[in-house]
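Text of protein.txt (compact mmCIF, C-alpha atoms) as supplied:
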# COMPACT_ATOMS: atom_id res chain seq x y z
CA MET L 12 -28.36 37.95 130.60
CA THR L 13 -24.64 37.60 130.26
CA PRO L 14 -23.28 40.79 128.69
CA GLU L 15 -22.48 43.57 131.11
CA THR L 16 -24.31 46.06 128.88
CA SER L 17 -27.58 44.31 129.79
CA TYR L 18 -27.34 45.72 133.29
CA PHE L 19 -27.67 49.23 134.60
CA ILE L 20 -24.25 50.84 135.03
CA PHE L 21 -24.27 52.96 138.17
CA PRO L 22 -23.34 56.57 137.30
CA GLU L 23 -20.73 58.31 139.39
CA PHE L 24 -22.78 60.75 141.45
CA ASP L 25 -21.00 63.50 143.31
CA PRO L 26 -21.34 62.60 147.03
CA VAL L 27 -21.67 66.34 147.70
CA ALA L 28 -25.25 67.50 147.14
CA LEU L 29 -24.64 71.18 147.80
CA ALA L 30 -21.48 73.25 148.21
CA LEU L 31 -21.65 76.89 149.34
CA GLY L 32 -18.08 78.02 149.78
CA PRO L 33 -16.63 76.24 152.82
CA ILE L 34 -20.04 74.74 153.62
CA VAL L 35 -20.42 71.27 152.11
CA ILE L 36 -23.64 69.27 152.44
CA ARG L 37 -23.53 65.62 151.41
CA TRP L 38 -26.48 63.55 150.22
CA TYR L 39 -26.57 61.54 153.44
CA ALA L 40 -26.67 64.70 155.55
CA LEU L 41 -29.42 66.05 153.32
CA ALA L 42 -31.40 62.85 153.88
CA TYR L 43 -31.03 63.32 157.65
CA ILE L 44 -32.15 66.96 157.46
CA PHE L 45 -35.23 66.30 155.32
CA GLY L 46 -36.05 63.13 157.25
CA ILE L 47 -36.07 65.02 160.53
CA LEU L 48 -38.02 68.01 159.18
CA ILE L 49 -40.70 65.97 157.37
CA GLY L 50 -40.91 63.57 160.31
CA TRP L 51 -41.40 66.52 162.68
CA ARG L 52 -44.29 67.85 160.57
CA TYR L 53 -45.88 64.40 160.50
CA MET L 54 -45.54 64.11 164.28
CA LEU L 55 -47.30 67.48 164.64
CA TYR L 56 -50.13 66.18 162.47
CA LEU L 57 -50.56 63.01 164.52
CA ALA L 58 -50.19 64.85 167.84
CA LYS L 59 -53.43 66.75 167.17
CA LYS L 60 -55.42 63.52 167.20
CA PRO L 61 -56.82 62.02 170.44
CA PRO L 62 -55.58 61.34 173.06
CA ALA L 63 -53.36 64.36 172.23
CA LEU L 64 -51.05 64.02 175.24
CA VAL L 65 -48.10 65.26 173.20
CA LYS L 66 -48.33 68.97 172.42
CA PRO L 67 -46.81 70.80 169.41
CA ASN L 68 -44.08 72.31 171.58
CA HIS L 69 -43.09 68.82 172.71
CA CYS L 70 -42.58 67.79 169.07
CA GLU L 71 -40.54 70.91 168.40
CA ASP L 72 -38.33 70.36 171.44
CA MET L 73 -37.80 66.74 170.45
CA ILE L 74 -36.14 67.78 167.17
CA THR L 75 -33.02 68.87 169.04
CA TRP L 76 -33.07 65.90 171.40
CA ALA L 77 -33.66 63.38 168.61
CA THR L 78 -30.95 64.90 166.42
CA LEU L 79 -28.37 64.69 169.21
CA GLY L 80 -29.48 61.17 170.10
CA THR L 81 -29.24 60.04 166.47
CA ILE L 82 -25.78 61.50 165.87
CA ILE L 83 -24.21 60.47 169.18
CA GLY L 84 -25.88 57.07 169.33
CA GLY L 85 -25.36 56.34 165.64
CA ARG L 86 -21.67 57.16 165.82
CA LEU L 87 -21.02 55.26 169.05
CA GLY L 88 -23.01 52.34 167.67
CA HIS L 89 -20.81 52.21 164.59
CA VAL L 90 -17.67 52.41 166.71
CA LEU L 91 -18.68 49.81 169.31
CA LEU L 92 -20.75 47.39 167.22
CA TRP L 93 -18.96 47.32 163.89
CA ASP L 94 -15.24 48.12 164.21
CA PRO L 95 -14.20 48.73 167.85
CA GLY L 96 -10.65 47.47 167.33
CA TYR L 97 -9.89 50.04 164.64
CA TYR L 98 -11.38 53.00 166.50
CA PHE L 99 -9.76 52.10 169.82
CA SER L 100 -6.45 52.14 167.93
CA HIS L 101 -7.36 55.48 166.29
CA PRO L 102 -9.47 57.24 168.97
CA LEU L 103 -9.39 60.66 167.31
CA GLU L 104 -11.28 59.23 164.32
CA ILE L 105 -14.28 58.56 166.57
CA LEU L 106 -15.01 62.28 166.36
CA MET L 107 -14.58 62.45 162.56
CA VAL L 108 -18.25 61.88 161.71
CA TRP L 109 -17.80 63.66 158.36
CA LYS L 110 -15.84 60.62 157.15
CA GLY L 111 -18.99 58.47 157.50
CA GLY L 112 -19.87 55.62 159.79
CA MET L 113 -23.28 55.67 161.46
CA ALA L 114 -25.14 52.62 162.77
CA PHE L 115 -28.94 52.56 162.82
CA HIS L 116 -29.15 50.35 165.90
CA GLY L 117 -26.89 52.75 167.82
CA GLY L 118 -28.89 55.74 166.58
CA LEU L 119 -32.11 54.06 167.72
CA ILE L 120 -30.70 53.56 171.22
CA GLY L 121 -29.52 57.18 171.24
CA VAL L 122 -32.99 58.46 170.30
CA ILE L 123 -34.67 56.22 172.90
CA VAL L 124 -32.37 57.55 175.63
CA ALA L 125 -33.06 61.12 174.48
CA MET L 126 -36.83 60.53 174.55
CA ILE L 127 -36.68 58.95 178.01
CA ILE L 128 -34.84 61.98 179.38
CA TYR L 129 -37.08 64.47 177.59
CA SER L 130 -40.39 62.76 178.42
CA ARG L 131 -39.47 62.81 182.11
CA ARG L 132 -38.53 66.49 181.95
CA ALA L 133 -41.74 67.33 180.08
CA LYS L 134 -43.85 65.03 182.29
CA ILE L 135 -45.49 63.18 179.41
CA PRO L 136 -45.84 59.39 178.98
CA PHE L 137 -42.79 58.01 177.21
CA PHE L 138 -44.71 55.85 174.75
CA ALA L 139 -47.12 58.66 173.89
CA LEU L 140 -44.07 60.42 172.45
CA ALA L 141 -42.25 57.32 171.21
CA ASP L 142 -45.27 56.15 169.19
CA LEU L 143 -45.36 59.42 167.24
CA ALA L 144 -41.63 59.21 166.60
CA ALA L 145 -41.97 55.56 165.50
CA ALA L 146 -44.67 56.46 162.97
CA ALA L 147 -42.46 59.19 161.49
CA THR L 148 -39.11 57.35 161.49
CA PRO L 149 -39.61 55.39 158.21
CA ILE L 150 -39.54 58.73 156.37
CA GLY L 151 -35.92 59.28 157.38
CA LEU L 152 -35.05 55.62 156.85
CA GLY L 153 -36.34 55.66 153.28
CA LEU L 154 -34.49 58.88 152.43
CA GLY L 155 -31.33 57.55 154.06
CA ARG L 156 -31.39 54.40 151.93
CA LEU L 157 -31.87 56.48 148.80
CA ALA L 158 -28.78 58.46 149.84
CA ASN L 159 -26.92 55.16 150.28
CA PHE L 160 -27.81 54.30 146.67
CA ILE L 161 -26.75 57.69 145.36
CA ASN L 162 -23.44 57.33 147.22
CA GLY L 163 -22.98 53.83 145.77
CA GLU L 164 -22.41 52.38 149.24
CA LEU L 165 -23.75 49.35 151.13
CA VAL L 166 -24.09 47.53 147.83
CA GLY L 167 -25.95 44.27 147.27
CA ARG L 168 -24.64 40.79 146.62
CA PRO L 169 -23.72 39.65 143.09
CA THR L 170 -26.73 38.45 141.08
CA ASP L 171 -28.02 37.90 137.57
CA VAL L 172 -31.51 39.37 138.03
CA PRO L 173 -32.56 41.67 135.14
CA TRP L 174 -32.61 44.76 137.38
CA ALA L 175 -29.08 44.23 138.71
CA VAL L 176 -26.77 47.22 138.97
CA ILE L 177 -23.03 47.37 138.31
CA PHE L 178 -21.13 49.65 140.69
CA PRO L 179 -17.86 50.34 138.78
CA HIS L 180 -16.12 51.81 141.84
CA ILE L 181 -16.67 48.47 143.63
CA ASP L 182 -16.12 45.95 140.79
CA ASN L 183 -17.71 44.93 137.50
CA LEU L 184 -20.15 42.44 138.98
CA PRO L 185 -23.92 42.98 138.59
CA ARG L 186 -25.39 43.33 142.09
CA HIS L 187 -28.74 43.61 143.82
CA PRO L 188 -29.73 47.27 144.34
CA SER L 189 -30.28 46.34 147.99
CA GLN L 190 -30.36 50.00 149.04
CA LEU L 191 -33.56 50.40 147.01
CA TYR L 192 -35.01 47.22 148.51
CA GLU L 193 -34.41 48.73 151.96
CA ALA L 194 -35.84 52.11 150.92
CA LEU L 195 -39.04 50.35 149.85
CA THR L 196 -39.36 48.03 152.86
CA GLU L 197 -37.92 50.08 155.74
CA GLY L 198 -39.21 53.31 154.24
CA VAL L 199 -42.32 53.16 152.07
CA LEU L 200 -43.92 49.89 153.21
CA LEU L 201 -43.28 50.41 156.92
CA PHE L 202 -44.53 54.00 156.73
CA VAL L 203 -47.79 52.90 155.07
CA ILE L 204 -48.39 50.16 157.67
CA LEU L 205 -47.78 52.55 160.56
CA ALA L 206 -49.86 55.31 158.94
CA VAL L 207 -52.87 53.00 158.63
CA LEU L 208 -52.55 52.01 162.29
CA ALA L 209 -51.79 55.54 163.51
CA HIS L 210 -55.07 56.80 162.09
CA GLN L 211 -57.04 54.47 164.36
CA GLN L 212 -57.80 56.02 167.73
CA LYS L 213 -57.97 52.66 169.51
CA ILE L 214 -54.38 51.97 168.37
CA ARG L 215 -53.13 55.42 169.38
CA GLU L 216 -54.58 54.90 172.86
CA ARG L 217 -52.68 51.63 173.28
CA PHE L 218 -49.36 53.27 174.05
CA GLY L 219 -46.39 51.29 172.83
CA THR L 220 -48.27 49.49 170.05
CA LEU L 221 -47.01 51.71 167.23
CA SER L 222 -43.50 51.52 168.66
CA GLY L 223 -43.80 47.73 168.75
CA VAL L 224 -45.03 47.52 165.17
CA PHE L 225 -42.15 49.73 164.05
CA LEU L 226 -39.58 47.52 165.79
CA ILE L 227 -41.12 44.35 164.32
CA GLY L 228 -41.39 45.85 160.84
CA TYR L 229 -37.85 47.20 160.81
CA ALA L 230 -36.42 43.95 162.17
CA PHE L 231 -38.16 41.90 159.45
CA ALA L 232 -37.16 44.39 156.73
CA ARG L 233 -33.53 44.43 157.86
CA MET L 234 -33.33 40.65 158.17
CA LEU L 235 -34.80 40.25 154.69
CA SER L 236 -32.66 42.93 153.05
CA GLU L 237 -29.47 41.49 154.54
CA MET L 238 -30.10 38.39 152.41
CA PHE L 239 -29.49 40.54 149.31
CA ARG L 240 -26.93 42.99 150.73
CA GLU L 241 -23.19 42.41 150.64
CA PRO L 242 -22.55 41.52 154.30
CA GLU L 243 -20.26 43.79 156.29
CA THR L 244 -19.80 41.14 158.97
CA LEU L 245 -20.68 37.44 158.73
CA THR L 246 -21.18 35.28 161.79
CA GLY L 247 -19.68 31.82 162.17
CA THR L 248 -22.94 29.91 162.60
CA LEU L 249 -24.15 26.84 160.70
CA VAL L 250 -26.34 29.08 158.55
CA GLU L 251 -24.75 32.17 157.01
CA THR L 252 -26.08 35.15 158.91
CA THR L 253 -24.94 38.74 159.27
CA TRP L 254 -24.26 40.91 162.27
CA GLY L 255 -27.03 43.25 161.12
CA GLN L 256 -29.54 40.40 161.28
CA TRP L 257 -28.49 39.42 164.79
CA LEU L 258 -28.72 43.03 165.98
CA SER L 259 -32.33 43.05 164.74
CA VAL L 260 -33.36 40.07 166.88
CA PRO L 261 -33.69 42.06 170.17
CA MET L 262 -35.77 44.63 168.28
CA LEU L 263 -38.11 41.91 167.05
CA VAL L 264 -38.50 40.35 170.51
CA TYR L 265 -39.14 43.66 172.27
CA GLY L 266 -41.51 44.77 169.50
CA LEU L 267 -43.58 41.62 169.94
CA TYR L 268 -43.70 42.27 173.68
CA LEU L 269 -44.92 45.85 173.15
CA VAL L 270 -47.68 44.73 170.78
CA TRP L 271 -48.74 42.02 173.24
CA ARG L 272 -48.62 44.59 176.08
CA GLY L 273 -50.79 46.96 174.04
CA ARG L 274 -53.72 44.57 173.72
CA ARG L 275 -55.65 46.99 175.90
CA PRO L 276 -55.32 50.75 176.48
CA VAL L 277 -52.65 51.78 178.99
CA THR L 278 -51.71 55.10 180.46
CA ALA L 279 -47.90 55.09 180.10
Structure translated into structure tokens:
Amino acid sequence: MTPETSYFIFPEFDPVALALGPIVIRWYALAYIFGILIGWRYMLYLAKKPPALVKPNHCEDMITWATLGTIIGGRLGHVLLWDPGYYFSHPLEILMVWKGGMAFHGGLIGVIVAMIIYSRRAKIPFFALADLAAAATPIGLGLGRLANFINGELVGRPTDVPWAVIFPHIDNLPRHPSQLYEALTEGVLLFVILAVLAHQQKIRERFGTLSGVFLIGYAFARMLSEMFREPETLTGTLVETTWGQWLSVPMLVYGLYLVWRGRRPVTA
């Protein structure tokens, strides 16, 4: 397929999903909002199942904590992990979150810290709460990747596959729609796997197992998708790898540990 017309030409979507006077809501923000709200409802559903150590009010309280953890951690992660030199030279731009720039790995750390603090305040086992959050997280991930596609950002590598997409604001090269690959793997597939496991009482009672499966699944999905995504940062190793893949390695290792640790029921 050589002619450009054989490929899908990406339309120029308005990055603003909703504008009400001075209030402007972008697609990515909308993905965050719906991801958090749907995830919260799913957590409430799972919380009713045995061992039911997490109560509905705990899930409601966690919305605020998780939102703060995601925003603060995601922003600091982007600043420190992806472009520290630029932001240290322009420190005021660290606060300009409306310009974009959020890192999943930083957001994950932010949410974990928030859950540690909250679980101690609420006197509930950390992994009883973390497992519910892990099962719900792919919902937000999938919506976020769809928003990436709508925004025409984080594009894939050049390719000649029949389903390639041309992003005119980037260049005229047909590229992998890697955002959709990630929406399917990090979002749909990982959600289904966790949902199947979360509906088994013996798995729910092995605190940390669902969290471990999430970390393993996300790490594999991210490592795979980075093979098709235009790399933001390449590493100087013998094999071409990306910074995103290396950041996923600790997640994979710790996820394997949690699954191994959860071979039998634990209490925390």
Query raised in the report: So which one's closest to Pro179 in chain L, L:Pro26, L:Gly96, L:Val35, L:Val166? Using all atoms listed in the file, please.
Result: L:Val166
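The closest residue to Tyr192 in chain L, picked from L:Leu143, L:Val176, L:Ala206, L:Ala232 and counting all atoms listed in the file, is L:Ala232.
Each of L:Tyr129, L:Phe115, L:Tyr43, L:Trp271 was checked against Met73 in chain L using only C-alpha atoms; the smallest atom-to-atom distance is that of L:Tyr129.
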Got a sec: who's within 12 Å of Leu195 in chain L, counting all atoms listed in the file, leaving out chain neighbours fewer than 2 positions off, as a short mmCIF file (atom, residue, chain, number, x, y, z; two decimals) with C-alpha atoms, keeping the file's coordinate frame?
data_model
loop_
_atom_site.label_atom_id
_atom_site.label_comp_id
_atom_site.auth_asym_id
_atom_site.auth_seq_id
_atom_site.Cartn_x
_atom_site.Cartn_y
_atom_site.Cartn_z
CA PRO L 149 -39.61 55.39 158.21
CA ILE L 150 -39.54 58.73 156.37
CA LEU L 152 -35.05 55.62 156.85
CA GLY L 153 -36.34 55.66 153.28
CA LEU L 154 -34.49 58.88 152.43
CA GLY L 155 -31.33 57.55 154.06
CA ARG L 156 -31.39 54.40 151.93
CA LEU L 157 -31.87 56.48 148.80
CA PRO L 188 -29.73 47.27 144.34
CA SER L 189 -30.28 46.34 147.99
CA GLN L 190 -30.36 50.00 149.04
CA LEU L 191 -33.56 50.40 147.01
CA TYR L 192 -35.01 47.22 148.51
CA GLU L 193 -34.41 48.73 151.96
CA GLU L 197 -37.92 50.08 155.74
CA GLY L 198 -39.21 53.31 154.24
CA VAL L 199 -42.32 53.16 152.07
CA LEU L 200 -43.92 49.89 153.21
CA LEU L 201 -43.28 50.41 156.92
CA PHE L 202 -44.53 54.00 156.73
CA VAL L 203 -47.79 52.90 155.07
CA TYR L 229 -37.85 47.20 160.81
CA ALA L 232 -37.16 44.39 156.73
CA ARG L 233 -33.53 44.43 157.86
CA LEU L 235 -34.80 40.25 154.69
CA SER L 236 -32.66 42.93 153.05
#
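Minimum distance to Leu258 in chain L across L:Trp76, L:Phe231, L:Tyr18, L:Phe24 (counting only C-alpha atoms) occurs at L:Phe231.
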**Report entry** Ala209 in chain L surroundings by all atoms listed in the file, 8 Å radius, close-in-sequence under 4 positions cut, as a list in words
**Finding:** Leu57, Ala146, Leu205, Ile214, Arg215 and Leu221 of chain L
For the selection just defined, write its residues with C-alpha atoms to a file, as a PDB file, keeping the file's coordinate frame.
ATOM      1  CA  LEU L  57     -50.560  63.010 164.520  1.00  0.00           C
ATOM      2  CA  ALA L 146     -44.670  56.460 162.970  1.00  0.00           C
ATOM      3  CA  LEU L 205     -47.780  52.550 160.560  1.00  0.00           C
ATOM      4  CA  ILE L 214     -54.380  51.970 168.370  1.00  0.00           C
ATOM      5  CA  ARG L 215     -53.130  55.420 169.380  1.00  0.00           C
ATOM      6  CA  LEU L 221     -47.010  51.710 167.230  1.00  0.00           C
TER       7      LEU L 221
END
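With distances taken from (-56.8, 59.1, 169.5) and restricted to all atoms listed in the file, the residues inside 10 Å are L:Leu57, L:Ala58, L:Lys59, L:Lys60, L:Pro61, L:Pro62, L:Ala63, L:Leu64, L:Ala209, L:His210, L:Gln211, L:Gln212, L:Lys213, L:Ile214, L:Arg215, L:Glu216, L:Arg217.
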With range 117-121 of chain L as the partner and 12 Å as the cut-off, tabulate the residues of range 140-248 of chain L that qualify, each row holding the nearest pair of atoms and their distance in Å to one decimal, using only C-alpha atoms, sorted by chain and rising number, as JSON lines.
{"residue": "L:Ala141", "atom": "CA", "partner": "L:Leu119", "partner_atom": "CA", "distance": 11.2}
{"residue": "L:Ala144", "atom": "CA", "partner": "L:Leu119", "partner_atom": "CA", "distance": 10.9}
{"residue": "L:Ala145", "atom": "CA", "partner": "L:Leu119", "partner_atom": "CA", "distance": 10.2}
{"residue": "L:Thr148", "atom": "CA", "partner": "L:Leu119", "partner_atom": "CA", "distance": 9.9}
{"residue": "L:Leu152", "atom": "CA", "partner": "L:Leu119", "partner_atom": "CA", "distance": 11.4}
{"residue": "L:Ser222", "atom": "CA", "partner": "L:Leu119", "partner_atom": "CA", "distance": 11.7}
{"residue": "L:Phe225", "atom": "CA", "partner": "L:Leu119", "partner_atom": "CA", "distance": 11.5}
{"residue": "L:Leu226", "atom": "CA", "partner": "L:Leu119", "partner_atom": "CA", "distance": 10.1}
{"residue": "L:Tyr229", "atom": "CA", "partner": "L:Leu119", "partner_atom": "CA", "distance": 11.3}
Could you take the residues named above and write them with C-alpha atoms, as a short mmCIF file (atom, residue, chain, number, x, y, z; two decimals), keeping the file's coordinate frame?
data_model
loop_
_atom_site.label_atom_id
_atom_site.label_comp_id
_atom_site.auth_asym_id
_atom_site.auth_seq_id
_atom_site.Cartn_x
_atom_site.Cartn_y
_atom_site.Cartn_z
CA ALA L 141 -42.25 57.32 171.21
CA ALA L 144 -41.63 59.21 166.60
CA ALA L 145 -41.97 55.56 165.50
CA THR L 148 -39.11 57.35 161.49
CA LEU L 152 -35.05 55.62 156.85
CA SER L 222 -43.50 51.52 168.66
CA PHE L 225 -42.15 49.73 164.05
CA LEU L 226 -39.58 47.52 165.79
CA TYR L 229 -37.85 47.20 160.81
#
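Counting only C-alpha atoms and comparing L:Val90, L:Ile177, L:Thr170, L:Ala158, the residue that lies closest to Val27 in chain L is L:Ala158.
The nearest approach to Ser17 in chain L among the residues L:Phe138, L:Trp51, L:Phe239, L:Trp174, with all atoms listed in the file taken into account, belongs to L:Trp174.
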Report task. Tell me, in Å to one decimal, how far CA of His180 in chain L is from CA of Leu41 in chain L. Result -> 22.6 Å
Using the block above, I'd like range 133-147 of chain L written out, keeping N, CA and C atoms and formatting it as a tab-separated table (two decimals), in the first residue's frame.
chain	number	residue	atom	x	y	z
L	133	ALA	N	-7.45	5.30	58.17
L	133	ALA	CA	-8.74	4.60	58.25
L	133	ALA	C	-8.62	3.25	58.95
L	134	LYS	N	-7.35	2.85	59.26
L	134	LYS	CA	-7.11	1.57	59.94
L	134	LYS	C	-7.66	0.38	59.16
L	135	ILE	N	-7.34	0.34	57.86
L	135	ILE	CA	-7.70	-0.81	57.03
L	135	ILE	C	-6.42	-1.32	56.36
L	136	PRO	N	-6.35	-2.62	56.06
L	136	PRO	CA	-5.15	-3.16	55.40
L	136	PRO	C	-4.89	-2.46	54.07
L	137	PHE	N	-3.66	-2.08	53.86
L	137	PHE	CA	-3.31	-1.34	52.63
L	137	PHE	C	-3.71	-2.10	51.38
L	138	PHE	N	-3.36	-3.38	51.30
L	138	PHE	CA	-3.63	-4.12	50.07
L	138	PHE	C	-5.10	-4.47	49.90
L	139	ALA	N	-5.89	-4.44	50.96
L	139	ALA	CA	-7.33	-4.61	50.79
L	139	ALA	C	-7.88	-3.45	49.96
L	140	LEU	N	-7.34	-2.27	50.18
L	140	LEU	CA	-7.75	-1.09	49.42
L	140	LEU	C	-7.05	-1.04	48.05
L	141	ALA	N	-5.76	-1.33	48.05
L	141	ALA	CA	-4.98	-1.25	46.80
L	141	ALA	C	-5.50	-2.24	45.76
L	142	ASP	N	-5.93	-3.42	46.19
L	142	ASP	CA	-6.42	-4.41	45.23
L	142	ASP	C	-7.67	-3.92	44.51
L	143	LEU	N	-8.56	-3.24	45.24
L	143	LEU	CA	-9.77	-2.71	44.61
L	143	LEU	C	-9.39	-1.61	43.61
L	144	ALA	N	-8.46	-0.76	44.01
L	144	ALA	CA	-8.02	0.32	43.12
L	144	ALA	C	-7.34	-0.25	41.88
L	145	ALA	N	-6.55	-1.32	42.06
L	145	ALA	CA	-5.85	-1.95	40.93
L	145	ALA	C	-6.85	-2.50	39.92
L	146	ALA	N	-7.92	-3.13	40.42
L	146	ALA	CA	-8.92	-3.72	39.54
L	146	ALA	C	-9.66	-2.66	38.73
L	147	ALA	N	-9.77	-1.44	39.30
L	147	ALA	CA	-10.52	-0.37	38.65
L	147	ALA	C	-9.64	0.50	37.75
